[in-house]
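K.L.:
Contents of data-v3.txt (compact mmCIF, C-alpha atoms and all ligand atoms):
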```
# COMPACT_ATOMS: atom_id res chain seq x y z
CA MET A 30 4.18 13.48 13.00
CA ILE A 31 2.92 16.54 14.87
CA ASP A 32 2.84 18.66 11.69
CA ALA A 33 2.18 18.06 8.03
CA VAL A 34 2.63 20.25 4.97
CA CYS A 35 -0.45 20.69 2.80
CA THR A 36 0.20 21.42 -0.88
CA TYR A 37 -3.40 21.96 -1.93
CA GLY A 38 -3.79 24.54 -4.71
CA GLY A 39 -0.04 24.69 -5.31
CA LYS A 40 0.62 26.46 -1.99
CA ARG A 41 2.53 25.04 0.95
CA LYS A 42 0.94 25.41 4.34
CA THR A 43 2.04 23.68 7.51
CA TYR A 44 -0.70 22.42 9.80
CA THR A 45 -0.35 21.16 13.32
CA ILE A 46 -2.53 18.16 14.00
CA PHE A 47 -4.58 20.32 16.36
CA ASN A 48 -5.30 22.90 13.63
CA PHE A 49 -6.04 20.27 11.03
CA GLN A 50 -8.50 18.26 13.08
CA ASN A 51 -10.41 21.46 13.85
CA LEU A 52 -10.98 22.24 10.17
CA SER A 53 -14.47 21.67 8.82
CA SER A 54 -15.03 18.15 7.56
CA SER A 55 -15.32 19.44 3.99
CA ASP A 56 -11.90 21.14 4.26
CA ILE A 57 -10.42 17.96 5.73
CA GLU A 58 -11.81 15.97 2.78
CA LYS A 59 -10.36 18.57 0.40
CA TYR A 60 -6.87 18.74 1.87
CA ARG A 61 -6.19 15.23 3.12
CA GLN A 62 -4.86 13.88 -0.18
CA TYR A 63 -2.32 16.72 -0.38
CA LEU A 64 -0.32 16.10 2.78
CA GLU A 65 3.44 15.60 3.06
CA CYS A 66 6.00 14.85 5.75
CA PRO A 67 7.21 18.23 7.11
CA ASN A 68 10.87 17.23 6.80
CA PRO A 69 11.83 18.85 3.46
CA LYS A 70 14.48 16.20 2.78
CA CYS A 71 11.77 13.53 3.03
CA ALA A 72 8.50 15.18 1.94
CA ALA A 73 6.91 11.72 1.81
CA GLU A 74 3.24 11.29 0.95
CA ALA A 75 1.37 11.60 4.26
CA TYR A 76 -2.12 10.95 5.58
CA TYR A 77 -4.46 12.20 8.27
CA ARG A 78 -6.13 9.81 10.72
CA ARG A 79 -9.13 10.94 12.68
CA LYS A 80 -9.59 10.32 16.42
CA SER A 81 -10.70 6.77 17.17
CA ILE A 82 -14.00 5.88 18.78
CA ASP A 83 -12.15 4.61 21.85
CA GLY A 84 -10.18 7.84 22.18
CA LYS A 85 -6.87 7.38 20.32
CA ALA A 86 -5.78 10.84 19.24
CA ALA A 87 -5.97 12.12 15.69
CA CYS A 88 -2.59 12.10 13.98
CA PHE A 89 -0.64 12.58 10.78
CA GLY A 90 1.52 9.77 9.44
CA SER A 91 3.28 8.42 6.40
CA ARG A 92 4.15 4.92 5.20
CA TYR A 93 6.93 6.29 2.99
CA HIS A 94 9.41 8.20 5.21
CA THR A 95 12.90 8.04 3.73
CA GLN A 96 15.67 6.25 5.63
CA GLY A 97 16.92 8.62 8.29
CA CYS A 98 13.85 10.87 8.35
CA ASN A 99 13.44 11.72 12.02
CA GLU A 100 9.65 12.00 11.60
CA GLY A 101 9.49 8.27 10.87
CA ARG A 102 9.94 6.44 14.12
CA SER A 103 11.06 2.85 14.11
CA SER A 104 8.30 0.41 15.02
CA PRO A 105 7.84 -3.36 14.84
CA GLN A 106 5.64 -2.82 11.79
CA ARG A 107 8.27 -0.72 10.00
CA GLU A 108 11.02 -3.20 10.84
CA ARG A 109 8.87 -6.03 9.46
CA GLU A 110 8.31 -4.08 6.25
CA VAL A 111 12.02 -3.37 5.83
CA ARG A 112 12.81 -7.05 6.46
CA GLN A 113 10.26 -8.09 3.84
CA ALA A 114 11.64 -5.56 1.34
CA ILE A 115 15.08 -7.12 1.79
CA GLU A 116 13.60 -10.61 1.34
CA VAL A 117 11.77 -9.57 -1.82
CA ASN A 118 14.89 -7.95 -3.26
CA LYS A 119 16.70 -11.25 -2.68
CA ILE A 120 13.92 -13.25 -4.31
CA ILE A 121 13.84 -11.13 -7.45
CA ALA A 122 17.63 -10.93 -7.66
CA ASP A 123 17.90 -14.73 -7.53
CA SER A 124 14.82 -15.89 -9.45
CA LYS A 125 13.82 -15.43 -13.06
CA GLU A 126 10.35 -16.63 -12.21
CA VAL A 127 8.23 -16.22 -9.10
CA ILE A 128 4.90 -17.88 -8.39
CA PHE A 129 2.35 -15.50 -6.94
CA ASP A 130 0.19 -17.06 -4.23
CA PHE A 131 -2.80 -14.97 -3.17
CA PHE A 132 -3.19 -17.09 -0.03
CA ALA A 133 0.43 -17.05 1.14
CA VAL A 134 0.76 -16.19 4.81
CA ASP A 135 3.78 -13.94 5.27
CA SER A 136 3.40 -12.44 8.69
CA GLN A 137 4.56 -15.55 10.62
CA PRO A 138 8.19 -15.58 11.72
CA PRO A 139 10.33 -16.84 8.82
CA GLU A 140 10.75 -20.62 8.71
CA LYS A 141 14.16 -22.04 9.33
CA SER A 142 15.87 -22.63 6.04
CA ASN A 143 19.34 -22.82 4.61
CA THR A 144 19.26 -19.16 3.77
CA VAL A 145 20.31 -16.58 6.29
CA SER A 146 18.62 -13.22 6.42
CA PRO A 147 20.97 -10.31 6.79
CA PRO A 148 20.72 -8.47 10.09
CA ILE A 149 18.39 -5.50 10.03
CA SER A 150 20.09 -2.25 10.72
CA LYS A 151 18.05 0.91 10.80
CA SER A 152 20.69 2.73 8.84
CA ALA A 153 21.25 0.02 6.24
CA SER A 154 19.90 0.89 2.86
CA LEU A 155 17.81 -1.75 1.16
CA GLY A 156 20.14 -2.04 -1.80
CA SER A 157 23.04 -3.11 0.36
CA SER A 158 21.36 -6.43 1.11
CA LYS A 159 22.44 -7.80 -2.25
CA SER A 160 26.05 -7.90 -1.13
CA HIS A 161 25.06 -10.31 1.64
CA THR A 162 23.72 -12.90 -0.79
CA SER A 163 25.94 -15.93 -0.72
CA THR A 164 27.15 -16.92 -4.16
CA LYS A 165 25.88 -20.49 -4.54
CA ALA A 166 22.80 -20.35 -2.33
CA THR A 167 19.61 -21.70 -3.81
CA PHE A 168 16.36 -20.19 -2.69
CA ARG A 169 13.33 -22.37 -2.19
CA ASN A 170 11.30 -19.33 -1.50
CA THR A 171 10.21 -18.26 -4.96
CA VAL A 172 6.62 -17.86 -3.89
CA LEU A 173 5.40 -14.37 -3.24
CA GLY A 174 2.18 -13.36 -1.52
CA MET A 175 0.13 -10.19 -1.20
CA GLU A 176 1.42 -9.09 2.21
CA LYS A 177 5.11 -9.43 1.44
CA ALA A 178 4.70 -7.80 -1.96
CA LEU A 179 2.82 -4.88 -0.43
CA ASN A 180 5.18 -4.33 2.49
CA SER A 181 8.19 -4.47 0.23
CA LEU A 182 6.67 -1.97 -2.19
CA LEU A 183 5.84 0.39 0.67
CA ARG A 184 9.47 0.24 1.78
CA GLY A 185 10.88 0.86 -1.69
CA SER A 186 11.91 -2.63 -2.85
CA ASP A 187 12.96 -3.17 -6.48
CA LEU A 188 9.81 -5.19 -7.24
CA ALA A 189 8.04 -2.45 -9.20
CA GLN A 190 11.06 -2.08 -11.55
CA SER A 191 11.94 -5.76 -11.85
CA ASP A 192 12.01 -7.88 -15.03
CA THR A 193 11.36 -11.05 -13.01
CA THR A 194 8.40 -13.02 -14.34
CA ILE A 195 5.49 -13.32 -11.93
CA THR A 196 3.02 -16.12 -12.62
CA ILE A 197 -0.55 -15.85 -11.39
CA ASP A 198 -3.11 -18.66 -11.19
CA GLU A 199 -0.47 -20.98 -12.66
CA LYS A 200 -0.96 -19.62 -16.18
CA TYR A 201 -0.84 -15.84 -16.48
CA SER A 202 2.65 -14.36 -16.63
CA TYR A 203 3.66 -10.75 -16.20
CA LYS A 204 6.96 -9.00 -15.79
CA ALA A 205 6.90 -7.65 -12.23
CA LYS A 206 7.37 -4.10 -13.53
CA ASN A 207 4.20 -4.46 -15.61
CA LEU A 208 2.17 -6.07 -12.86
CA PHE A 209 2.71 -3.88 -9.80
CA VAL A 210 1.27 -0.41 -10.36
CA ASN A 211 1.04 2.38 -7.82
CA PHE A 212 -2.41 3.98 -7.68
CA ALA A 213 -0.95 7.25 -8.95
CA ASP A 214 0.19 5.48 -12.16
CA ALA A 215 -3.01 3.54 -12.85
CA GLU A 216 -3.91 3.69 -16.55
CA PRO A 217 -7.61 3.16 -17.16
CA ALA A 218 -9.07 1.16 -20.04
CA ASP A 219 -12.16 2.50 -21.76
CA SER A 220 -14.33 -0.23 -20.26
CA PRO A 221 -13.99 -3.15 -17.81
CA LYS A 222 -13.88 -5.71 -20.61
CA ASP A 223 -10.85 -3.98 -22.17
CA ALA A 224 -8.87 -3.87 -18.93
CA ARG A 225 -6.12 -6.34 -18.09
CA PRO A 226 -6.05 -7.05 -14.35
CA LYS A 227 -3.03 -5.79 -12.43
CA MET A 228 -1.82 -5.47 -8.88
CA PHE A 229 -2.50 -1.92 -7.72
CA TRP A 230 -0.87 -0.76 -4.50
CA GLY A 231 -0.46 2.27 -2.28
CA THR A 232 -2.01 3.77 0.82
CA ILE A 233 -5.62 4.48 1.70
CA SER A 234 -6.30 8.13 2.42
CA HIS A 235 -9.89 7.70 3.53
CA SER A 236 -13.18 6.03 2.73
CA ASP A 237 -16.59 7.50 2.04
CA ALA A 238 -19.10 7.82 4.90
CA ASP A 239 -20.47 4.28 4.39
CA MET A 240 -17.00 2.73 4.02
CA GLU A 241 -17.95 1.47 0.57
CA TRP A 242 -15.41 3.44 -1.48
CA LEU A 243 -11.68 3.71 -0.83
CA ASN A 244 -9.62 6.71 -1.92
CA PRO A 245 -5.85 6.31 -2.31
CA ALA A 246 -3.51 8.83 -0.70
CA GLU A 247 -1.30 9.00 -3.79
CA CYS A 248 -3.84 10.63 -6.13
CA ASN A 249 -7.38 11.96 -6.10
CA ASP A 250 -8.71 10.66 -9.41
CA VAL A 251 -9.05 6.99 -8.41
CA GLY A 252 -11.93 5.37 -6.54
CA ILE A 253 -12.18 1.76 -5.42
CA PRO A 254 -15.68 0.40 -4.78
CA ILE A 255 -15.71 -2.35 -2.16
CA LYS A 256 -19.41 -2.59 -1.24
CA ARG A 257 -19.84 -6.14 -2.58
CA TYR A 258 -16.90 -7.46 -0.57
CA LYS A 259 -16.95 -5.13 2.40
CA ASN A 260 -18.11 -7.54 5.12
CA LYS A 261 -15.65 -10.24 4.21
CA ILE A 262 -12.72 -7.83 3.86
CA PHE A 263 -13.45 -5.93 7.08
CA LYS A 264 -13.81 -9.15 9.05
CA ARG A 265 -10.53 -10.52 7.73
CA PHE A 266 -8.53 -7.36 8.45
CA LYS A 267 -10.42 -6.47 11.66
CA ILE A 268 -11.61 -3.12 10.35
CA THR A 269 -14.38 -1.65 12.45
CA GLU A 270 -14.22 2.10 11.91
CA LYS A 271 -13.11 4.58 9.26
CA ARG A 272 -9.93 5.40 11.15
CA ASP A 273 -8.72 1.81 10.65
CA LEU A 274 -8.60 2.43 6.90
CA GLU A 275 -6.87 5.82 7.10
CA GLY A 276 -3.17 5.39 6.41
CA ALA A 277 -3.48 1.66 5.76
CA GLY A 278 -1.24 0.20 3.07
CA PHE A 279 -3.18 -1.84 0.55
CA ILE A 280 -2.75 -3.90 -2.57
CA ILE A 281 -5.52 -5.19 -4.80
CA PHE A 282 -5.74 -7.36 -7.88
CA GLY A 283 -8.27 -5.76 -10.16
CA LYS A 284 -9.13 -3.88 -13.30
CA CYS A 285 -8.81 -0.14 -13.87
CA PHE A 286 -11.22 1.62 -16.21
CA TRP A 287 -12.89 5.00 -16.69
CA ASN A 288 -16.27 5.73 -15.16
CA ALA A 289 -19.07 6.52 -17.61
CA GLN A 290 -18.34 10.27 -17.55
CA LYS A 291 -14.57 9.69 -17.96
CA THR A 292 -13.95 11.87 -14.92
CA ARG A 293 -12.71 9.25 -12.49
CA LYS A 294 -10.70 6.05 -12.67
CA ILE A 295 -12.38 3.05 -11.09
CA ILE A 296 -10.45 0.06 -9.85
CA GLU A 297 -12.68 -2.96 -9.51
CA LEU A 298 -11.56 -5.81 -7.28
CA TRP A 299 -11.28 -9.28 -8.78
CA ASN A 300 -12.86 -10.84 -5.69
CA ALA A 301 -12.85 -10.52 -1.90
CA ASP A 302 -9.69 -12.61 -1.49
CA ARG A 303 -7.39 -10.68 -3.82
CA VAL A 304 -6.73 -7.81 -1.51
CA PHE A 305 -4.40 -7.21 1.39
CA ILE A 306 -4.75 -4.34 3.84
CA SER A 307 -1.96 -3.41 6.22
CA VAL A 308 -3.60 -1.31 8.94
CA ASP A 309 -1.21 1.26 10.42
CA GLU A 310 -0.24 -0.08 13.85
CA ASP A 311 1.11 3.24 15.14
ZN ZN B 401 9.52 11.86 6.57
```
Using structure tokens, write down the structure that the file contains.
P.N.:
Amino acid sequence: MIDAVCTYGGKRKTYTIFNFQNLSSSDIEKYRQYLECPNPKCAAEAYYRRKSIDGKAACFGSRYHTQGCNEGRSSPQREREVRQAIEVNKIIADSKEVIFDFFAVDSQPPEKSNTVSPPISKSASLGSSKSHTSTKATFRNTVLGMEKALNSLLRGSDLAQSDTTITIDEKYSYKAKNLFVNFADAEPADSPKDARPKMFWGTISHSDADMEWLNPAECNDVGIPIKRYKNKIFKRFKITEKRDLEGAGFIIFGKCFWNAQKTRKIIELWNADRVFISVDED
């Protein structure tokens, strides 16, 4: 994306990436959670990524372009996300119960099995995959992990509306629609002890200067402290600079509660393993 529309203060202003990166850093911090794809038919939530230390240019981007939006180029990452959204739609259409495995590895090529994935077509809508499901097929794959869940949610799978039961740690059951919550819809409890853990997902807009707080792109009233787990998380996802976080998809298992002043929602991670970050490969 060369341009993005900023909706800060209820006004719509189009910025070129050149103009935006030359704003003061306080203006960038102010506006960056109000960016949209400039295609009015898409208007997807967008983000700003600063220039990298090794010289990659600053850019705008979005993880949510609609099918057919010409601002959203096809990429291996996007194709993988669409494929995983189709897989997840199949899983939830065919299973009443899914086991959630926080350690599942999803990014390997799919194993050979008796199920055939439908071909990926850039123009195919996700919903159409259901018609490819063979009538009597049984699916061994009723295990879902963080990466596949996240990628499918980013690409608009049915997971966040599904009645399928998701079981966590072999004993806690949730309906999928009550478990997967976009950051914009996070409902805080009054205190950590009152909060039931859920799977919060969305995109990272930016971190603070010390990379110890993450701010979602979808809203500006949620903060996610990661200081305790930072080293482990950054090592696992190969995050070395702030730009790596900007525009990354992420999903975390944690609790949402008000801060002491009731001005900001805090989402506290369960532990360093219950997070998945999908760095934007563009
Ligand atoms: Zn778009």
K.L.:
For ligand ZN 401 (chain B), list the contacting residues at 12 Å or closer, counting all atoms listed in the file, as number ranges by chain.
P.N.:
A: 30-34, 64-76, 89-103
K.L.:
Which of these residues is nearest to Ile255 (chain A), using all atoms listed in the file: A:Ala215, A:Ala289, A:Ile296, A:Ile280?
P.N.:
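Closest residue, counting all atoms listed in the file: A:Ile296.
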K.L.:
Considering only C-alpha atoms, state which residue in the set A:Arg225, A:Arg184, A:Ala205, A:Pro254 is at the smallest distance from Ser124 (chain A).
P.N.:
A:Ala205
K.L.:
Name the closest residue to Asn260 (chain A) among the candidates A:Ala246, A:Ile128, A:Met240, A:Val134; distances are taken between atoms, counting only C-alpha atoms.
P.N.:
A:Met240
K.L.:
Would you mind reading off the distance between CA of Val117 (chain A) and CA of Asp302 (chain A), one decimal, in Å?
P.N.:
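About the pair CA of Val117 (chain A) and CA of Asp302 (chain A): they are 21.7 Å apart.
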K.L.:
Find the residues near Glu126 (chain A): any atom within 8 Å, counting only C-alpha atoms, skip ones fewer than 6 places away on the same chain, and give them as a VMD selection string.
P.N.:
chain A and resid 171 193 to 196
K.L.:
Would you work out the distance separating CA of Phe229 (chain A) from CA of Lys200 (chain A), expressed in Å to one decimal?
P.N.:
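Computing it gives 19.7 Å between the two atoms.
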K.L.:
Can you measure CA of Met228 (chain A) to CA of Lys284 (chain A) for me? One decimal in Å is fine.
P.N.:
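Atom-to-atom, CA of Met228 (chain A) to CA of Lys284 (chain A), that is 8.7 Å.
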K.L.:
Between A:Leu298, A:Ser186, A:Tyr77, A:Gln290, single out the one closest to Thr45 (chain A), counting only C-alpha atoms.
P.N.:
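Under the stated criterion, the closest residue is A:Tyr77.
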K.L.:
Just checking: using only C-alpha atoms, which residue out of A:Leu188, A:Ile253, A:Phe266, A:Trp287 ends up closest to Lys222 (chain A)?
P.N.:
A:Trp287
K.L.:
When distances are computed from all atoms listed in the file, which of A:Cys88, A:Ile82, A:Ala277, A:Ile262 shows the smallest separation from Asn48 (chain A)?
P.N.:
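Going through A:Cys88, A:Ile82, A:Ala277, A:Ile262 one by one, the smallest distance to Asn48 (chain A) is for A:Cys88.
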K.L.:
Which residues, written as a list in words, have at least one atom at most 10 Å from Phe209 (chain A), with only C-alpha atoms counted and residues fewer than 2 positions away on the same chain left out?
P.N.:
Ala178, Leu179, Leu182, Leu188, Ala189, Gln190, Ser191, Tyr203, Lys204, Ala205, Lys206, Asn207, Asn211, Phe212, Asp214, Ala215, Lys227, Met228, Phe229, Trp230, Ile280, Ile281 and Phe282 of chain A
K.L.:
Put region 101-112 of chain A into a file with all heavy atoms, as an mmCIF file, in the first residue's frame.
P.N.:
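Final output, saved to decode_1.cif:
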```
data_model
loop_
_atom_site.group_PDB
_atom_site.id
_atom_site.type_symbol
_atom_site.label_atom_id
_atom_site.label_comp_id
_atom_site.auth_asym_id
_atom_site.auth_seq_id
_atom_site.Cartn_x
_atom_site.Cartn_y
_atom_site.Cartn_z
ATOM 1 N N GLY A 101 -4.176 -5.549 -1.855
ATOM 2 C CA GLY A 101 -3.662 -6.719 -1.140
ATOM 3 C C GLY A 101 -3.059 -7.719 -2.108
ATOM 4 O O GLY A 101 -3.741 -8.537 -2.679
ATOM 5 N N ARG A 102 -1.773 -7.614 -2.294
ATOM 6 C CA ARG A 102 -1.096 -8.513 -3.227
ATOM 7 C C ARG A 102 -1.078 -9.928 -2.688
ATOM 8 O O ARG A 102 -1.019 -10.157 -1.481
ATOM 9 C CB ARG A 102 0.353 -8.055 -3.444
ATOM 10 C CG ARG A 102 0.491 -6.866 -4.359
ATOM 11 C CD ARG A 102 1.910 -6.361 -4.308
ATOM 12 N NE ARG A 102 2.269 -5.964 -2.944
ATOM 13 C CZ ARG A 102 3.394 -6.257 -2.349
ATOM 14 N NH1 ARG A 102 4.308 -6.960 -2.963
ATOM 15 N NH2 ARG A 102 3.642 -5.849 -1.128
ATOM 16 N N SER A 103 -1.091 -10.882 -3.603
ATOM 17 C CA SER A 103 -0.945 -12.274 -3.197
ATOM 18 C C SER A 103 0.503 -12.508 -2.768
ATOM 19 O O SER A 103 1.422 -11.934 -3.326
ATOM 20 C CB SER A 103 -1.303 -13.163 -4.383
ATOM 21 O OG SER A 103 -1.135 -14.503 -4.015
ATOM 22 N N SER A 104 0.694 -13.313 -1.756
ATOM 23 C CA SER A 104 2.044 -13.637 -1.298
ATOM 24 C C SER A 104 1.986 -15.049 -0.737
ATOM 25 O O SER A 104 0.902 -15.539 -0.416
ATOM 26 C CB SER A 104 2.482 -12.654 -0.209
ATOM 27 O OG SER A 104 1.718 -12.863 0.962
ATOM 28 N N PRO A 105 3.125 -15.708 -0.602
ATOM 29 C CA PRO A 105 3.101 -17.053 -0.002
ATOM 30 C C PRO A 105 2.436 -17.043 1.372
ATOM 31 O O PRO A 105 1.707 -17.958 1.724
ATOM 32 C CB PRO A 105 4.591 -17.417 0.099
ATOM 33 C CG PRO A 105 5.252 -16.592 -0.948
ATOM 34 C CD PRO A 105 4.464 -15.313 -1.036
ATOM 35 N N GLN A 106 2.691 -15.976 2.148
ATOM 36 C CA GLN A 106 2.097 -15.899 3.480
ATOM 37 C C GLN A 106 0.571 -15.822 3.388
ATOM 38 O O GLN A 106 -0.137 -16.520 4.101
ATOM 39 C CB GLN A 106 2.627 -14.656 4.200
ATOM 40 C CG GLN A 106 2.104 -14.515 5.632
ATOM 41 C CD GLN A 106 2.754 -13.349 6.366
ATOM 42 O OE1 GLN A 106 3.121 -12.341 5.754
ATOM 43 N NE2 GLN A 106 2.926 -13.494 7.666
ATOM 44 N N ARG A 107 0.065 -14.969 2.490
ATOM 45 C CA ARG A 107 -1.386 -14.828 2.346
ATOM 46 C C ARG A 107 -2.013 -16.129 1.858
ATOM 47 O O ARG A 107 -3.062 -16.545 2.339
ATOM 48 C CB ARG A 107 -1.683 -13.686 1.362
ATOM 49 C CG ARG A 107 -3.138 -13.333 1.339
ATOM 50 C CD ARG A 107 -3.340 -11.841 1.167
ATOM 51 N NE ARG A 107 -2.634 -11.098 2.209
ATOM 52 C CZ ARG A 107 -2.631 -9.773 2.297
ATOM 53 N NH1 ARG A 107 -3.266 -9.072 1.420
ATOM 54 N NH2 ARG A 107 -1.983 -9.172 3.255
ATOM 55 N N GLU A 108 -1.348 -16.790 0.914
ATOM 56 C CA GLU A 108 -1.891 -18.058 0.409
ATOM 57 C C GLU A 108 -1.934 -19.112 1.514
ATOM 58 O O GLU A 108 -2.876 -19.897 1.601
ATOM 59 C CB GLU A 108 -1.076 -18.541 -0.795
ATOM 60 C CG GLU A 108 -1.418 -17.729 -2.044
ATOM 61 C CD GLU A 108 -0.503 -18.013 -3.221
ATOM 62 O OE1 GLU A 108 0.113 -19.106 -3.248
ATOM 63 O OE2 GLU A 108 -0.394 -17.139 -4.092
ATOM 64 N N ARG A 109 -0.896 -19.111 2.366
ATOM 65 C CA ARG A 109 -0.885 -20.061 3.487
ATOM 66 C C ARG A 109 -2.034 -19.768 4.449
ATOM 67 O O ARG A 109 -2.716 -20.675 4.920
ATOM 68 C CB ARG A 109 0.466 -19.952 4.209
ATOM 69 C CG ARG A 109 0.730 -21.038 5.221
ATOM 70 C CD ARG A 109 2.187 -21.022 5.669
ATOM 71 N NE ARG A 109 2.552 -19.829 6.408
ATOM 72 C CZ ARG A 109 3.501 -18.968 6.069
ATOM 73 N NH1 ARG A 109 4.195 -19.143 4.963
ATOM 74 N NH2 ARG A 109 3.774 -17.911 6.804
ATOM 75 N N GLU A 110 -2.286 -18.485 4.689
ATOM 76 C CA GLU A 110 -3.381 -18.115 5.594
ATOM 77 C C GLU A 110 -4.732 -18.537 5.029
ATOM 78 O O GLU A 110 -5.574 -19.065 5.744
ATOM 79 C CB GLU A 110 -3.363 -16.604 5.856
ATOM 80 C CG GLU A 110 -2.194 -16.151 6.713
ATOM 81 C CD GLU A 110 -2.035 -14.638 6.782
ATOM 82 O OE1 GLU A 110 -2.873 -13.899 6.197
ATOM 83 O OE2 GLU A 110 -1.070 -14.195 7.413
ATOM 84 N N VAL A 111 -4.918 -18.296 3.725
ATOM 85 C CA VAL A 111 -6.190 -18.682 3.100
ATOM 86 C C VAL A 111 -6.366 -20.193 3.166
ATOM 87 O O VAL A 111 -7.445 -20.701 3.487
ATOM 88 C CB VAL A 111 -6.255 -18.177 1.636
ATOM 89 C CG1 VAL A 111 -7.468 -18.758 0.916
ATOM 90 C CG2 VAL A 111 -6.301 -16.657 1.600
ATOM 91 N N ARG A 112 -5.267 -20.937 2.904
ATOM 92 C CA ARG A 112 -5.337 -22.397 2.956
ATOM 93 C C ARG A 112 -5.718 -22.851 4.378
ATOM 94 O O ARG A 112 -6.542 -23.742 4.561
ATOM 95 C CB ARG A 112 -3.966 -22.959 2.560
ATOM 96 C CG ARG A 112 -3.957 -24.442 2.264
ATOM 97 C CD ARG A 112 -2.677 -24.827 1.534
ATOM 98 N NE ARG A 112 -1.479 -24.507 2.301
ATOM 99 C CZ ARG A 112 -0.483 -23.746 1.866
ATOM 100 N NH1 ARG A 112 -0.505 -23.245 0.648
ATOM 101 N NH2 ARG A 112 0.565 -23.511 2.630
#
```
